[in-house]
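Visitor: Questions regarding the structure given below will be posed in turn.
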Amino acid sequence: MPQTSSPPVDCALCPRLAEFRATNAELYPDWHNAPVASFGAKDVSLLIVGLAPGLKGANRTGRPFTGDYAGDLLYDTMIRYGFATGKYEADPNDSLKLKDAMVTNAVRCLPPQNKPVGAEINNCRPYLAAQIEELPNLKAIMALGGIAHNSTLSALGCKRSAFLFAHNAQHRISDKITLFDSYHCSRYNTNTRRLTTEMFHQVFADIQMHCAA
């Protein structure tokens with residue numbers, strides 16, 4: 001396991017992602033174009049795990065789920081259920097503050113077409129495992145999508161076959177941690193109605209109750 005939960009800014013573990021990062025740095029020199037660190041303090045009850053930074057989202061702004069549609073739904077919902085305060089304005093300098101929650105990604109660098117390959121997910125998993133280890137008060141992990149779900153299970157040393165992904169499923173991982181599943185809050189999923197706002201809110205309502213217990 002790495003000594004830190006954040007990859008170095010020049011991380012070269014995944015050659016394809018490093019090359020893509022360099023290409024985007026040439027095209028968009030004012031953007032973040034580096035691994036995106038987790039957002040939030042370490043004394044939290046909830047960790048939210050997404051897939052990877054978006055091109056015009058976290059890869060641009062340097063903060064998870066900031067600058068694209070997925071962040072609109074995620075952070076508005078977190079505010080609604082008491083896991084954030086302030087106002088989300090798709091800008092890392094906005095007034096948004098997380099409350100008892102941290103947001104991260106299974107893969108910290110932008111992948112082409114938003115699709116990391118297996119080796120890239122595996123290479124980044126030790127950082128996810130280290131992040132989980134750094135959260136002593138963790139009660140709940142929310143996985144946004146199947147890749148986040150599977151990578152979280154592997155980071156926790158669990159068999160994937162024992163905890164199958166399903167929207168709004170709850171998996172008791174240990175005496176301390178429960179894993180909550182949701183479809184990813186992407187524009188595609190919401191446009192196709194695979195995920196509705198009401199469905200997303202229900203998962204957060206269950207997490208809120210769990211963390212308050």
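Quick note on naming: the chains in the structure tokens go A, B, ... in the order shown, residues restart at 1 in each chain, and ligands are numbered from 1 in order of appearance.
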Which residues of stretch 59-83 of chain A have any atom within 12 Å of an atom in stretch 138-158 of chain A when counting only C-alpha atoms, and what is the closest pair of atoms for each, with the distance in Å to one decimal? Order the rows by chain and rising number and write it as a tab-separated table.
Guide:
residue	atom	partner	partner_atom	distance
A:Phe65	CA	A:Leu144	CA	11.6
A:Ala70	CA	A:Leu144	CA	10.5
A:Leu74	CA	A:Leu144	CA	10.2
A:Met78	CA	A:Met142	CA	11.9
Visitor: Sorted by chain and rising residue number, which residues of stretch 97-198 of chain A lie within 8 Å of stretch 17-37 of chain A, and what are their closest atom pairs and distances in Å to one decimal, counting only C-alpha atoms, as a Markdown table?
Guide:
| residue | atom | partner | partner_atom | distance |
| --- | --- | --- | --- | --- |
| A:Thr104 | CA | A:Ala37 | CA | 7.1 |
| A:Arg108 | CA | A:Pro35 | CA | 4.9 |
| A:Cys109 | CA | A:Pro35 | CA | 4.6 |
| A:Leu110 | CA | A:Leu17 | CA | 6.8 |
| A:Pro111 | CA | A:Leu17 | CA | 5.9 |
| A:Pro112 | CA | A:Phe20 | CA | 7.1 |
Visitor: Assign secondary structure with DSSP using the backbone only, and return the residues of stretch 7-208 of chain A in helix (DSSP H, G or I) as a PDB file with C-alpha atoms, in the first residue's frame.
Guide:
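As a result, part_29.pdb now contains:
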ATOM      1  CA  PRO A  15       1.121   4.975 -19.469  1.00  0.00           C
ATOM      2  CA  ARG A  16      -2.110   5.530 -21.410  1.00  0.00           C
ATOM      3  CA  LEU A  17      -3.481   7.897 -18.788  1.00  0.00           C
ATOM      4  CA  ALA A  18      -0.152   9.728 -18.429  1.00  0.00           C
ATOM      5  CA  GLU A  19      -0.029  10.240 -22.199  1.00  0.00           C
ATOM      6  CA  PHE A  20      -3.636  11.448 -22.261  1.00  0.00           C
ATOM      7  CA  ARG A  21      -2.869  13.820 -19.387  1.00  0.00           C
ATOM      8  CA  ALA A  22       0.092  15.263 -21.311  1.00  0.00           C
ATOM      9  CA  THR A  23      -2.021  15.726 -24.427  1.00  0.00           C
ATOM     10  CA  ASN A  24      -4.663  17.614 -22.483  1.00  0.00           C
ATOM     11  CA  ALA A  25      -2.008  19.736 -20.787  1.00  0.00           C
ATOM     12  CA  GLU A  26      -0.945  20.926 -24.231  1.00  0.00           C
ATOM     13  CA  LEU A  27      -4.526  21.562 -25.348  1.00  0.00           C
ATOM     14  CA  ALA A  58     -12.460  17.485 -12.159  1.00  0.00           C
ATOM     15  CA  ASN A  59      -9.695  17.252 -14.766  1.00  0.00           C
ATOM     16  CA  ARG A  60     -10.298  20.946 -15.408  1.00  0.00           C
ATOM     17  CA  THR A  61     -11.051  22.173 -11.886  1.00  0.00           C
ATOM     18  CA  TYR A  69     -23.446  17.643 -14.604  1.00  0.00           C
ATOM     19  CA  ALA A  70     -22.739  14.797 -12.184  1.00  0.00           C
ATOM     20  CA  GLY A  71     -21.555  17.333  -9.625  1.00  0.00           C
ATOM     21  CA  ASP A  72     -24.786  19.322  -9.920  1.00  0.00           C
ATOM     22  CA  LEU A  73     -26.847  16.371  -8.760  1.00  0.00           C
ATOM     23  CA  LEU A  74     -24.317  15.000  -6.287  1.00  0.00           C
ATOM     24  CA  TYR A  75     -23.570  18.175  -4.373  1.00  0.00           C
ATOM     25  CA  ASP A  76     -27.137  19.488  -4.395  1.00  0.00           C
ATOM     26  CA  THR A  77     -28.197  16.160  -2.888  1.00  0.00           C
ATOM     27  CA  MET A  78     -25.404  16.236  -0.316  1.00  0.00           C
ATOM     28  CA  ILE A  79     -26.536  19.700   0.771  1.00  0.00           C
ATOM     29  CA  ARG A  80     -30.143  18.500   0.961  1.00  0.00           C
ATOM     30  CA  PRO A 112     -10.103   8.546 -22.584  1.00  0.00           C
ATOM     31  CA  GLN A 113     -13.858   8.337 -23.259  1.00  0.00           C
ATOM     32  CA  ASN A 114     -14.346   8.173 -19.459  1.00  0.00           C
ATOM     33  CA  GLY A 118      -8.792  -2.983 -15.818  1.00  0.00           C
ATOM     34  CA  ALA A 119      -5.076  -2.444 -15.320  1.00  0.00           C
ATOM     35  CA  GLU A 120      -5.638   1.269 -14.655  1.00  0.00           C
ATOM     36  CA  ILE A 121      -8.330   0.549 -12.086  1.00  0.00           C
ATOM     37  CA  ASN A 122      -5.998  -1.959 -10.416  1.00  0.00           C
ATOM     38  CA  ASN A 123      -3.051   0.449 -10.441  1.00  0.00           C
ATOM     39  CA  CYS A 124      -5.064   3.150  -8.690  1.00  0.00           C
ATOM     40  CA  ARG A 125      -6.752   0.871  -6.156  1.00  0.00           C
ATOM     41  CA  PRO A 126      -3.954   1.081  -3.542  1.00  0.00           C
ATOM     42  CA  TYR A 127      -4.664   4.810  -3.273  1.00  0.00           C
ATOM     43  CA  LEU A 128      -8.327   4.066  -2.616  1.00  0.00           C
ATOM     44  CA  ALA A 129      -7.371   1.465  -0.009  1.00  0.00           C
ATOM     45  CA  ALA A 130      -5.023   3.962   1.649  1.00  0.00           C
ATOM     46  CA  GLN A 131      -7.761   6.573   1.644  1.00  0.00           C
ATOM     47  CA  ILE A 132     -10.171   4.236   3.388  1.00  0.00           C
ATOM     48  CA  GLU A 133      -7.512   3.382   5.968  1.00  0.00           C
ATOM     49  CA  GLY A 146     -20.279  -0.864 -10.769  1.00  0.00           C
ATOM     50  CA  ILE A 147     -16.603  -0.013 -11.218  1.00  0.00           C
ATOM     51  CA  ALA A 148     -16.535   2.021  -8.009  1.00  0.00           C
ATOM     52  CA  HIS A 149     -18.405  -0.783  -6.247  1.00  0.00           C
ATOM     53  CA  ASN A 150     -16.002  -3.500  -7.384  1.00  0.00           C
ATOM     54  CA  SER A 151     -12.860  -1.480  -6.755  1.00  0.00           C
ATOM     55  CA  THR A 152     -14.059  -0.569  -3.260  1.00  0.00           C
ATOM     56  CA  LEU A 153     -14.720  -4.222  -2.457  1.00  0.00           C
ATOM     57  CA  SER A 154     -11.238  -5.173  -3.624  1.00  0.00           C
ATOM     58  CA  ALA A 155      -9.720  -2.303  -1.633  1.00  0.00           C
ATOM     59  CA  ARG A 160     -16.937  -9.371  -5.248  1.00  0.00           C
ATOM     60  CA  SER A 161     -19.167 -12.410  -5.692  1.00  0.00           C
ATOM     61  CA  ALA A 162     -20.400 -12.002  -2.123  1.00  0.00           C
ATOM     62  CA  ARG A 187     -26.049  13.002 -17.346  1.00  0.00           C
ATOM     63  CA  TYR A 188     -26.480   9.852 -19.438  1.00  0.00           C
ATOM     64  CA  ASN A 189     -28.047   7.918 -16.557  1.00  0.00           C
ATOM     65  CA  THR A 190     -30.369  10.749 -15.607  1.00  0.00           C
ATOM     66  CA  ASN A 191     -31.352  11.551 -19.209  1.00  0.00           C
ATOM     67  CA  THR A 197     -33.474  12.383  -8.652  1.00  0.00           C
ATOM     68  CA  GLU A 198     -35.905  10.549  -6.385  1.00  0.00           C
ATOM     69  CA  MET A 199     -33.904   7.318  -6.656  1.00  0.00           C
ATOM     70  CA  PHE A 200     -30.697   9.166  -5.808  1.00  0.00           C
ATOM     71  CA  HIS A 201     -32.314  10.939  -2.878  1.00  0.00           C
ATOM     72  CA  GLN A 202     -33.500   7.626  -1.445  1.00  0.00           C
ATOM     73  CA  VAL A 203     -29.961   6.271  -1.251  1.00  0.00           C
ATOM     74  CA  PHE A 204     -28.841   9.404   0.574  1.00  0.00           C
ATOM     75  CA  ALA A 205     -31.813   9.216   2.933  1.00  0.00           C
ATOM     76  CA  ASP A 206     -30.748   5.683   3.881  1.00  0.00           C
ATOM     77  CA  ILE A 207     -27.126   6.760   4.324  1.00  0.00           C
ATOM     78  CA  GLN A 208     -28.198   9.721   6.458  1.00  0.00           C
TER      79      GLN A 208
END
Visitor: Need the shell around A:Lys87: protein/DNA/RNA residues with any atom at most 7 Å away, counting only C-alpha atoms. Skip same-chain ones fewer than 5 positions apart. Format as a PyMOL selection string?
Guide: chain A and resi 94-96
Visitor: Deliver the residues from the most recent selection as a file, using C-alpha atoms, as a CSV table (one decimal), in the first residue's frame.
Guide:
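Wrote selection-v1.csv, looks like this:
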chain,number,residue,atom,x,y,z
A,94,ASP,CA,-17.2,28.4,-4.3
A,95,SER,CA,-18.6,28.3,-0.8
A,96,LEU,CA,-19.3,24.6,-0.8
Visitor: Where in stretch 120-193 of chain A does DSSP assign strand (DSSP E or B), given as JSON, numbers by chain?
Guide: {"A": [140, 141, 142, 143, 144, 170, 171, 172, 178, 179, 180, 181, 182]}
Visitor: Compare A:Lys99, A:Lys115, A:Lys42, A:His167 by their minimum atom-to-atom distance to A:Arg194, counting only C-alpha atoms, and give me the closest one.
Guide: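 Among the listed residues, A:His167 lies closest to A:Arg194.
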Visitor: Grab the atom CA of A:Leu135 to atom CA of A:Thr178 distance for me, in Å with one decimal place.
Guide: 13.9 Å
